[in-house]
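Undergrad: This is entry_4.txt (compact mmCIF, C-alpha atoms).
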```txt
# COMPACT_ATOMS: atom_id res chain seq x y z
CA MET A 224 -17.69 -109.39 16.08
CA PRO A 225 -16.57 -112.32 18.27
CA TYR A 226 -18.79 -115.32 18.81
CA LEU A 227 -18.49 -118.23 21.20
CA GLU A 228 -20.00 -121.53 20.09
CA LEU A 229 -21.76 -122.89 23.16
CA PRO A 230 -21.61 -126.64 23.97
CA ASP A 231 -24.94 -127.27 22.23
CA GLY A 232 -23.81 -125.41 19.10
CA VAL A 233 -25.57 -122.07 19.66
CA PRO A 234 -23.41 -119.06 18.70
CA MET A 235 -23.17 -116.50 21.50
CA TYR A 236 -22.25 -112.94 20.55
CA TYR A 237 -20.12 -110.82 22.83
CA GLU A 238 -18.06 -107.64 22.77
CA ASP A 239 -14.73 -107.21 24.57
CA HIS A 240 -13.61 -103.69 25.56
CA GLY A 241 -10.75 -102.25 27.58
CA ALA A 242 -8.22 -103.94 29.84
CA GLY A 243 -7.93 -104.75 33.51
CA ARG A 244 -10.11 -106.73 35.88
CA PRO A 245 -12.99 -108.40 33.99
CA VAL A 246 -16.54 -107.11 34.17
CA VAL A 247 -19.36 -109.01 32.43
CA LEU A 248 -22.58 -107.15 31.64
CA VAL A 249 -25.76 -109.25 31.53
CA HIS A 250 -28.83 -107.59 30.01
CA GLY A 251 -32.54 -107.87 30.75
CA TRP A 252 -35.39 -109.83 29.18
CA THR A 253 -35.50 -109.53 25.35
CA MET A 254 -32.79 -106.84 25.51
CA ASN A 255 -29.17 -107.08 24.29
CA THR A 256 -25.72 -105.47 24.30
CA THR A 257 -26.94 -102.20 22.76
CA PHE A 258 -28.64 -101.18 26.01
CA TRP A 259 -25.28 -100.90 27.80
CA ALA A 260 -23.78 -98.75 25.02
CA GLN A 261 -23.78 -95.52 27.06
CA ASN A 262 -22.02 -97.25 29.96
CA VAL A 263 -19.31 -99.35 28.33
CA PRO A 264 -16.81 -96.57 27.43
CA ALA A 265 -16.67 -95.18 30.98
CA LEU A 266 -16.46 -98.64 32.57
CA ALA A 267 -13.80 -99.76 30.09
CA GLU A 268 -11.47 -96.94 31.17
CA GLY A 269 -10.28 -99.06 34.07
CA ASN A 270 -11.69 -102.52 33.42
CA ARG A 271 -12.00 -105.22 30.79
CA VAL A 272 -15.69 -105.05 29.94
CA VAL A 273 -17.35 -108.04 28.28
CA ASN A 274 -20.83 -107.26 26.98
CA VAL A 275 -22.83 -110.31 25.95
CA ASP A 276 -26.05 -111.22 24.12
CA LEU A 277 -27.67 -114.20 25.83
CA ARG A 278 -28.87 -116.99 23.57
CA GLY A 279 -31.92 -116.01 21.54
CA HIS A 280 -31.26 -112.31 22.18
CA GLY A 281 -29.70 -109.65 19.99
CA ALA A 282 -27.04 -111.03 17.64
CA SER A 283 -26.75 -114.44 19.33
CA GLY A 284 -28.10 -117.60 17.79
CA LYS A 285 -31.83 -118.15 17.70
CA THR A 286 -32.92 -121.47 19.14
CA GLU A 287 -36.05 -123.00 20.59
CA ASP A 288 -33.98 -124.74 23.25
CA GLY A 289 -32.32 -123.66 26.45
CA HIS A 290 -34.44 -120.69 27.44
CA THR A 291 -34.14 -121.10 31.19
CA LEU A 292 -32.27 -119.02 33.73
CA ALA A 293 -30.23 -122.09 34.63
CA GLN A 294 -29.10 -122.55 31.02
CA TYR A 295 -28.35 -118.85 30.59
CA ALA A 296 -26.16 -119.09 33.69
CA ARG A 297 -24.34 -122.11 32.25
CA ASP A 298 -23.81 -120.10 29.07
CA ILE A 299 -22.20 -117.32 31.12
CA ARG A 300 -19.94 -119.91 32.76
CA SER A 301 -18.99 -121.17 29.28
CA LEU A 302 -18.09 -117.60 28.32
CA LEU A 303 -15.90 -117.16 31.41
CA ASP A 304 -14.14 -120.44 30.68
CA HIS A 305 -13.70 -119.59 26.99
CA LEU A 306 -12.10 -116.24 27.78
CA GLY A 307 -10.12 -117.62 30.70
CA LEU A 308 -11.68 -115.13 33.11
CA ASP A 309 -11.36 -115.31 36.89
CA ASP A 310 -12.02 -112.76 39.62
CA VAL A 311 -14.99 -111.53 37.58
CA ALA A 312 -17.49 -108.80 38.42
CA LEU A 313 -20.92 -109.82 37.11
CA VAL A 314 -23.35 -106.97 36.52
CA GLY A 315 -26.96 -107.98 35.87
CA TRP A 316 -29.86 -105.75 35.01
CA SER A 317 -33.39 -107.08 35.59
CA MET A 318 -33.39 -110.64 34.20
CA GLY A 319 -29.60 -110.41 34.13
CA ALA A 320 -29.61 -110.31 37.94
CA ALA A 321 -31.74 -113.47 37.96
CA VAL A 322 -29.17 -115.10 35.68
CA ILE A 323 -26.48 -114.23 38.23
CA LEU A 324 -28.54 -115.82 41.00
CA ALA A 325 -28.99 -118.92 38.83
CA TYR A 326 -25.20 -118.93 38.40
CA VAL A 327 -24.63 -118.78 42.16
CA GLU A 328 -27.22 -121.53 42.67
CA GLN A 329 -25.24 -123.86 40.37
CA PHE A 330 -21.62 -122.76 40.79
CA GLY A 331 -21.51 -120.83 44.05
CA CYS A 332 -19.29 -117.76 43.77
CA ALA A 333 -16.59 -119.60 41.81
CA LYS A 334 -14.70 -117.23 39.50
CA LEU A 335 -16.51 -114.21 40.96
CA ARG A 336 -15.03 -111.11 42.60
CA SER A 337 -18.31 -109.22 43.01
CA VAL A 338 -21.87 -108.97 41.71
CA THR A 339 -24.14 -106.05 40.96
CA PHE A 340 -27.92 -106.34 40.78
CA VAL A 341 -29.80 -103.61 38.92
CA ASP A 342 -33.51 -103.41 39.83
CA GLN A 343 -34.62 -107.03 40.07
CA SER A 344 -36.66 -109.13 42.49
CA PRO A 345 -35.76 -112.70 43.49
CA ARG A 346 -39.42 -113.69 43.03
CA PHE A 347 -41.94 -112.39 40.47
CA LEU A 348 -45.15 -114.06 41.59
CA ASP A 349 -47.35 -113.16 44.53
CA GLY A 350 -46.99 -115.29 47.62
CA GLU A 351 -48.01 -115.34 51.24
CA GLY A 352 -45.82 -112.94 53.17
CA TRP A 353 -44.06 -111.72 50.03
CA ASP A 354 -44.12 -107.94 49.58
CA PHE A 355 -42.08 -107.46 46.40
CA PRO A 356 -43.58 -109.25 43.39
CA LEU A 357 -43.43 -107.85 39.88
CA GLN A 358 -45.24 -104.49 39.59
CA GLY A 359 -46.34 -104.80 43.21
CA GLY A 360 -48.69 -107.70 42.49
CA TYR A 361 -48.37 -110.51 39.95
CA SER A 362 -50.60 -113.58 40.07
CA GLN A 363 -50.47 -116.71 37.93
CA THR A 364 -53.51 -115.33 36.11
CA ASP A 365 -51.62 -112.10 35.38
CA LEU A 366 -48.75 -114.22 34.07
CA ALA A 367 -50.98 -116.28 31.76
CA VAL A 368 -52.73 -113.20 30.39
CA PHE A 369 -49.43 -111.42 29.76
CA VAL A 370 -47.82 -114.34 27.94
CA GLN A 371 -50.89 -114.89 25.76
CA ALA A 372 -50.86 -111.20 24.89
CA VAL A 373 -47.15 -111.36 24.00
CA ARG A 374 -47.90 -114.29 21.69
CA HIS A 375 -50.82 -112.69 19.90
CA ALA A 376 -50.39 -108.91 20.25
CA ARG A 377 -46.76 -108.41 21.16
CA PRO A 378 -46.40 -104.65 20.49
CA LEU A 379 -49.64 -103.82 22.31
CA VAL A 380 -48.28 -105.16 25.60
CA ILE A 381 -44.52 -104.74 25.25
CA LYS A 382 -44.55 -101.06 24.28
CA PRO A 383 -46.49 -100.08 27.45
CA PHE A 384 -44.15 -102.31 29.46
CA ILE A 385 -41.15 -100.48 27.99
CA ALA A 386 -42.75 -97.12 28.85
CA ALA A 387 -43.32 -98.31 32.43
CA CYS A 388 -39.62 -99.05 32.81
CA PHE A 389 -38.81 -95.33 32.95
CA ALA A 390 -39.56 -92.81 35.70
CA GLU A 391 -40.60 -90.34 33.00
CA GLU A 392 -42.25 -91.88 29.96
CA PRO A 393 -39.97 -91.55 26.92
CA SER A 394 -41.04 -90.41 23.48
CA ASP A 395 -42.80 -92.72 21.07
CA GLU A 396 -39.64 -92.74 18.97
CA VAL A 397 -37.56 -94.08 21.87
CA ILE A 398 -40.18 -96.69 22.75
CA ASP A 399 -40.35 -97.82 19.12
CA ALA A 400 -36.54 -98.07 18.92
CA VAL A 401 -36.35 -100.14 22.11
CA TYR A 402 -39.20 -102.35 20.93
CA ALA A 403 -37.44 -102.95 17.62
CA GLU A 404 -34.39 -104.25 19.49
CA THR A 405 -36.52 -106.57 21.64
CA THR A 406 -38.04 -108.20 18.56
CA LYS A 407 -34.64 -109.64 17.69
CA MET A 408 -35.73 -112.35 20.13
CA PRO A 409 -38.36 -114.74 18.74
CA THR A 410 -41.70 -114.60 20.53
CA SER A 411 -41.66 -118.28 21.47
CA ALA A 412 -38.27 -117.92 23.16
CA ALA A 413 -39.32 -114.71 24.90
CA CYS A 414 -42.37 -116.44 26.36
CA ALA A 415 -40.39 -119.51 27.42
CA ILE A 416 -37.84 -117.56 29.47
CA TRP A 417 -40.52 -115.26 30.89
CA TYR A 418 -42.40 -118.30 32.24
CA ASP A 419 -39.20 -119.71 33.71
CA MET A 420 -38.30 -116.40 35.33
CA ALA A 421 -41.81 -115.87 36.66
CA PHE A 422 -41.87 -119.20 38.49
CA ALA A 423 -38.34 -118.86 39.85
CA ASP A 424 -37.80 -118.11 43.53
CA PHE A 425 -34.22 -117.18 44.35
CA ARG A 426 -34.82 -115.98 47.89
CA PRO A 427 -32.99 -119.02 49.35
CA VAL A 428 -29.99 -118.29 47.09
CA LEU A 429 -29.40 -114.73 48.32
CA PRO A 430 -27.41 -115.74 51.46
CA GLN A 431 -25.10 -117.75 49.18
CA VAL A 432 -23.97 -114.53 47.46
CA THR A 433 -20.90 -114.10 49.65
CA VAL A 434 -18.86 -111.78 47.41
CA PRO A 435 -19.22 -107.98 47.68
CA THR A 436 -22.60 -107.03 46.23
CA LEU A 437 -23.86 -103.71 44.90
CA LEU A 438 -27.62 -103.19 44.75
CA ILE A 439 -28.62 -100.41 42.34
CA TYR A 440 -32.35 -99.67 42.41
CA GLY A 441 -34.55 -96.94 40.98
CA ALA A 442 -36.51 -95.08 43.62
CA GLN A 443 -39.32 -94.56 41.09
CA SER A 444 -39.37 -98.10 39.72
CA LYS A 445 -42.84 -99.20 38.65
CA ILE A 446 -41.54 -102.66 37.83
CA PHE A 447 -40.39 -103.35 41.41
CA PRO A 448 -41.89 -100.71 43.69
CA GLY A 449 -41.15 -100.44 47.38
CA PRO A 450 -38.01 -100.97 49.50
CA LEU A 451 -36.96 -104.19 47.75
CA ASP A 452 -33.31 -103.15 47.81
CA ALA A 453 -33.30 -102.88 51.60
CA TRP A 454 -34.94 -106.31 51.91
CA ILE A 455 -32.33 -107.91 49.64
CA ALA A 456 -29.50 -106.16 51.49
CA ALA A 457 -30.70 -107.84 54.69
CA GLN A 458 -30.38 -111.27 53.02
CA VAL A 459 -27.01 -110.84 51.30
CA PRO A 460 -23.96 -110.99 53.62
CA ASN A 461 -21.92 -108.17 52.06
CA ALA A 462 -24.30 -105.82 50.26
CA LYS A 463 -24.29 -102.10 49.59
CA VAL A 464 -27.40 -100.23 48.38
CA VAL A 465 -27.42 -97.22 46.08
CA ARG A 466 -30.82 -95.77 45.18
CA PHE A 467 -31.20 -93.56 42.13
CA GLU A 468 -33.85 -91.03 42.99
CA GLY A 469 -34.52 -89.92 39.42
CA SER A 470 -34.78 -93.39 37.93
CA GLY A 471 -37.24 -96.18 37.39
CA HIS A 472 -36.22 -99.65 36.20
CA VAL A 473 -33.30 -98.49 34.00
CA PRO A 474 -30.99 -96.22 36.07
CA PHE A 475 -28.03 -96.99 33.78
CA SER A 476 -29.99 -95.26 30.99
CA GLU A 477 -31.90 -92.65 32.98
CA GLU A 478 -28.90 -91.41 35.01
CA PRO A 479 -25.94 -92.85 33.07
CA GLU A 480 -23.18 -90.57 34.37
CA ASP A 481 -24.06 -91.19 38.01
CA PHE A 482 -24.57 -94.88 37.33
CA ASN A 483 -21.18 -95.19 35.65
CA LYS A 484 -19.45 -93.42 38.55
CA VAL A 485 -21.17 -95.50 41.24
CA LEU A 486 -20.43 -98.76 39.46
CA ALA A 487 -16.85 -97.79 38.56
CA ASP A 488 -16.13 -96.80 42.16
CA PHE A 489 -17.52 -100.14 43.38
CA LEU A 490 -15.48 -102.07 40.83
```
Could you write out this structure as structure tokens?
TA:
Amino acid sequence: MPYLELPDGVPMYYEDHGAGRPVVLVHGWTMNTTFWAQNVPALAEGNRVVNVDLRGHGASGKTEDGHTLAQYARDIRSLLDHLGLDDVALVGWSMGAAVILAYVEQFGCAKLRSVTFVDQSPRFLDGEGWDFPLQGGYSQTDLAVFVQAVRHARPLVIKPFIAACFAEEPSDEVIDAVYAETTKMPTSAACAIWYDMAFADFRPVLPQVTVPTLLIYGAQSKIFPGPLDAWIAAQVPNAKVVRFEGSGHVPFSEEPEDFNKVLADFL
């Protein structure tokens, strides 16, 4: 199990599979490498696939510090430098896509060959003239209530959130298993990065994504409903949209074979 010691001393866990052009998988909020498990073997048939746990998540070091999208992006840059990777395809699901945008904001498209965004909005909160906030409507009051609930009744709010990620609600056993993985991240760190992500607004960064971009969105997403993918495609210079009609927020899990083929073809 390889680890990279980040500049501030936090150990960052990653897995390295296959050979070829490098692909780095970046997971969602409170998730980790295990959620890409059904995708890695197919992608690694023609690529070098690096699957990483962001700080505080999964098997990576637990720290109170550095839980911002900007720091997560710097951690990804440290990983690329450590492994000597160039011409990289970054694939980000949910928060992982926000990490990619934070990377572009700081480093431009240096070291990148392409990016893939999987069901994520550049802005969570409501705003005048903004049609694609989290769950179709997310105010600062909603944010405060959610974070307080995570702090004091984490399973009561996170398990329904997990269920809402799927087009068809999974069994209690699946929800419990996913929830167990998310609790590898301490609650304080989970709340810190959620606040940072909620107040982020990456809409001005989208035109700076000049490498080929694949937008994979679930047609039945309850997390980001509506034609968000089409809106993003109009902001990104070289974007292609693929909608998964049978999926919600997790098309790589709900339709893994089709997802793997679409992504592999793009890569």
Undergrad: Which polymer residues have any atom within 8 Å of an atom of segment 395-400 of chain A, counting all atoms listed in the file, with same-chain residues fewer than 5 positions away left out, as a ChimeraX atom specification?
TA: /A:382,385-386
Undergrad: I'd like to know which of A:Ser444, A:Thr406, A:Thr253, A:Thr291 is closest to Phe355 of chain A, using only C-alpha atoms.
TA: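 Checking each candidate against Phe355 of chain A, we get A:Ser444 as the closest.
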Undergrad: Need to verify the contact set: Ala267 of chain A, 8 Å, all atoms listed in the file, exclusion of same-chain residues closer than 5 positions in sequence. Can you return it as a list of chain:residue names?
TA: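 Counting all atoms listed in the file, the residues come to A:His240, A:Gly241, A:Ala242, A:Val272.
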Undergrad: Extract, using all atoms listed in the file, all DNA, RNA and protein residues at most 7 Å from segment 278-281 of chain A, discarding same-chain residues fewer than 3 positions from it, and format them as a list in words.
TA: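 Skipping anything fewer than 3 positions along the chain leaves Met235, Thr253, Met254, Asn255, Gly284, Lys285, Thr286, Lys407, Met408 and Ala412 of chain A.
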Undergrad: So, counting all atoms listed in the file, which residue among A:Val434, A:Ala390, A:Val233, A:Val464 is closest to Gly289 of chain A?
TA: A:Val233
Undergrad: So how many Å separate atom CA of Pro345 of chain A and atom CA of Ala423 of chain A, to one decimal?
TA: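 Between atom CA of Pro345 of chain A and atom CA of Ala423 of chain A the gap is 7.6 Å.
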Undergrad: Check the smallest atom-to-atom distance from each of A:Trp353, A:Trp417, A:Phe475, A:Tyr326 to Gly449 of chain A using all atoms listed in the file, then report the winner.
TA: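 Smallest separation from Gly449 of chain A among the options: A:Trp353.
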Undergrad: Counting only C-alpha atoms, what is within 6 Å of Val338 of chain A, bar same-chain residues fewer than 4 positions away, as a VMD selection string?
TA: chain A and resid 312 to 314 436
Undergrad: Go ahead and save the residues from that selection, with C-alpha atoms, as a PDB file, in the frame of the given file.
TA:
```
ATOM      1  CA  ALA A 312     -17.490-108.800  38.420  1.00  0.00           C
ATOM      2  CA  LEU A 313     -20.920-109.820  37.110  1.00  0.00           C
ATOM      3  CA  VAL A 314     -23.350-106.970  36.520  1.00  0.00           C
ATOM      4  CA  THR A 436     -22.600-107.030  46.230  1.00  0.00           C
TER       5      THR A 436
END
```
Undergrad: Just how far from atom CA of Cys414 of chain A is atom CA of Ala367 of chain A, in Å to one decimal?
TA: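 We find that atom CA of Ala367 of chain A and atom CA of Cys414 of chain A lie 10.2 Å from each other.
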